[in-house]
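Participant: Just passing along the structure, written as structure tokens.
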Amino acid sequence: MYTDDIPKQDLIVTPVSTLLFDEQINLMVSWANQKQSRMVCVANVHMLVEAWQNNHFANVLKQADLVTPDGMPLVWMLKSLGHKQAQRVAGMDIFQTVCQQAAIAQTSIFLLGSSPEVLDKISQRLKLQFPTIKIAGTESPPFRPLASTVDMDMVNTINESGAGVLFVALGCPKQELWMNQHKDKIQAVMIGVGGVFPVYAGILKETPKLMQNLGLEWLFRLCQEPKRLWKRYATTIPIFIWLMLKQIVFSKENQIKS
């Protein structure tokens, strides 16, 4: 179940952590150093709307140990609901900071997802950026569902590698469902990092900080991958804005009544 002592705020139907960036990173690193089986979800607008539309997926997120606010719209929503200290805890920042801390602590990492070529590029860049980092292994699973024996072999490979952190990049909601299914099977902190892999590998460009701060990361990504993302953004952004305003207005009304 979701760790009870982590302060959080329900955004639409998803419990999102209100801890500061460093506090959330410290939690992940502490769990990793102890090789605890944990599930970390990095929430954005798409994920919140997906949860609102799908009860099963909503329950998966509620069972996560930590749900971080990735995009600025989530941070603005948290601030509007009274959490003035809320900070963006985004996938790329999590990936690089956790890798930095893991290198210092000599806690090894494992990379799951994407293609072998992308995984090779990520491994090469990580070793340049963090020379002491230990990459316990990489795995590029097929898109089709795995047979139970193949899945168990992969679980054994990850556990036997000794990795304390497992970065999972299978895309939302597939990666969250996968992590939920493997909770307590994989003895590592599983962190769903979505589209981080191709960006860190240099296949896609990282959104400029100014656009990130303005909440325009979706626009930058849309310009890079219009065919893949236009439908997602066209259907999720209007729904999110409506649900966000509805929750904020309802919250303000309750404050006035009380």
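Residue numbering restarts at 1 in every chain; chains get A, B, ... in the order shown in the structure tokens, and ligands count up from 1 in that same order.
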Hey, which bits of stretch 54-118 of chain A sit within 9 Å of stretch 199-214 of chain A, and for each residue what's the closest pair of atoms and how far apart in Å (one decimal), counting only C-alpha atoms, rows by chain and increasing number, as a tab-separated table?
Facilitator:
residue	atom	partner	partner_atom	distance
A:Gly71	CA	A:Gln212	CA	7.7
A:Met72	CA	A:Asn213	CA	6.6
A:Met92	CA	A:Tyr200	CA	7.8
A:Val118	CA	A:Ala201	CA	5.9
Participant: Please give the complete set of residues from stretch 181-219 of chain A that DSSP, run on the backbone, assigns to helix (DSSP H, G or I), formatted as a PyMOL selection string.
Facilitator: chain A and resi 181+196-200+209-213+217-219
Participant: Find, counting only C-alpha atoms, the residue in A:Leu219, A:Ile158, A:Met39, A:Ile239 that gets nearest to A:Asn180.
Facilitator: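 Ranking A:Leu219, A:Ile158, A:Met39, A:Ile239 by distance to A:Asn180, first place goes to A:Met39.
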Participant: Write out as a tab-separated table (two decimals) with C-alpha atoms, in the first residue's frame which residues come within 12 Å of A:Asn26 when counting only C-alpha atoms, dropping same-chain ones fewer than 5 positions away.
Facilitator:
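The resulting file, out05.tsv, is shown below:
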chain	number	residue	atom	x	y	z
A	19	LEU	CA	7.39	16.50	-0.30
A	20	LEU	CA	10.21	18.69	-1.60
A	21	PHE	CA	12.35	17.42	-4.49
A	31	TRP	CA	14.96	2.42	-0.31
A	32	ALA	CA	17.48	1.54	-3.02
A	33	ASN	CA	20.39	1.27	-0.60
A	66	LEU	CA	5.47	7.31	-4.12
A	94	ILE	CA	14.90	11.95	-10.90
A	97	THR	CA	19.93	12.71	-9.47
A	98	VAL	CA	19.25	9.13	-8.41
A	100	GLN	CA	24.39	10.50	-9.15
A	101	GLN	CA	23.48	9.37	-5.63
A	102	ALA	CA	23.68	5.70	-6.60
Participant: Residues of stretch 187-251 of chain A within 10 Å of stretch 77-89 of chain A: nearest atom pair and distance (Å, one decimal) for each, counting only C-alpha atoms, sorted by chain and number, as JSON lines?
Facilitator:
{"residue": "A:Gln212", "atom": "CA", "partner": "A:Arg88", "partner_atom": "CA", "distance": 9.7}
{"residue": "A:Asn213", "atom": "CA", "partner": "A:Arg88", "partner_atom": "CA", "distance": 9.1}
{"residue": "A:Met244", "atom": "CA", "partner": "A:Met77", "partner_atom": "CA", "distance": 7.0}
{"residue": "A:Leu245", "atom": "CA", "partner": "A:Met77", "partner_atom": "CA", "distance": 8.8}
{"residue": "A:Gln247", "atom": "CA", "partner": "A:Leu81", "partner_atom": "CA", "distance": 8.7}
{"residue": "A:Ile248", "atom": "CA", "partner": "A:Leu81", "partner_atom": "CA", "distance": 6.4}
{"residue": "A:Val249", "atom": "CA", "partner": "A:Leu81", "partner_atom": "CA", "distance": 9.5}
{"residue": "A:Ser251", "atom": "CA", "partner": "A:Leu81", "partner_atom": "CA", "distance": 7.1}
Participant: Measuring between only C-alpha atoms, which one of A:Val13, A:Ile135, A:Ile104, A:Ile186 shows the shortest distance to A:Leu61?
Facilitator: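 For A:Leu61, the nearest of the candidates is A:Val13.
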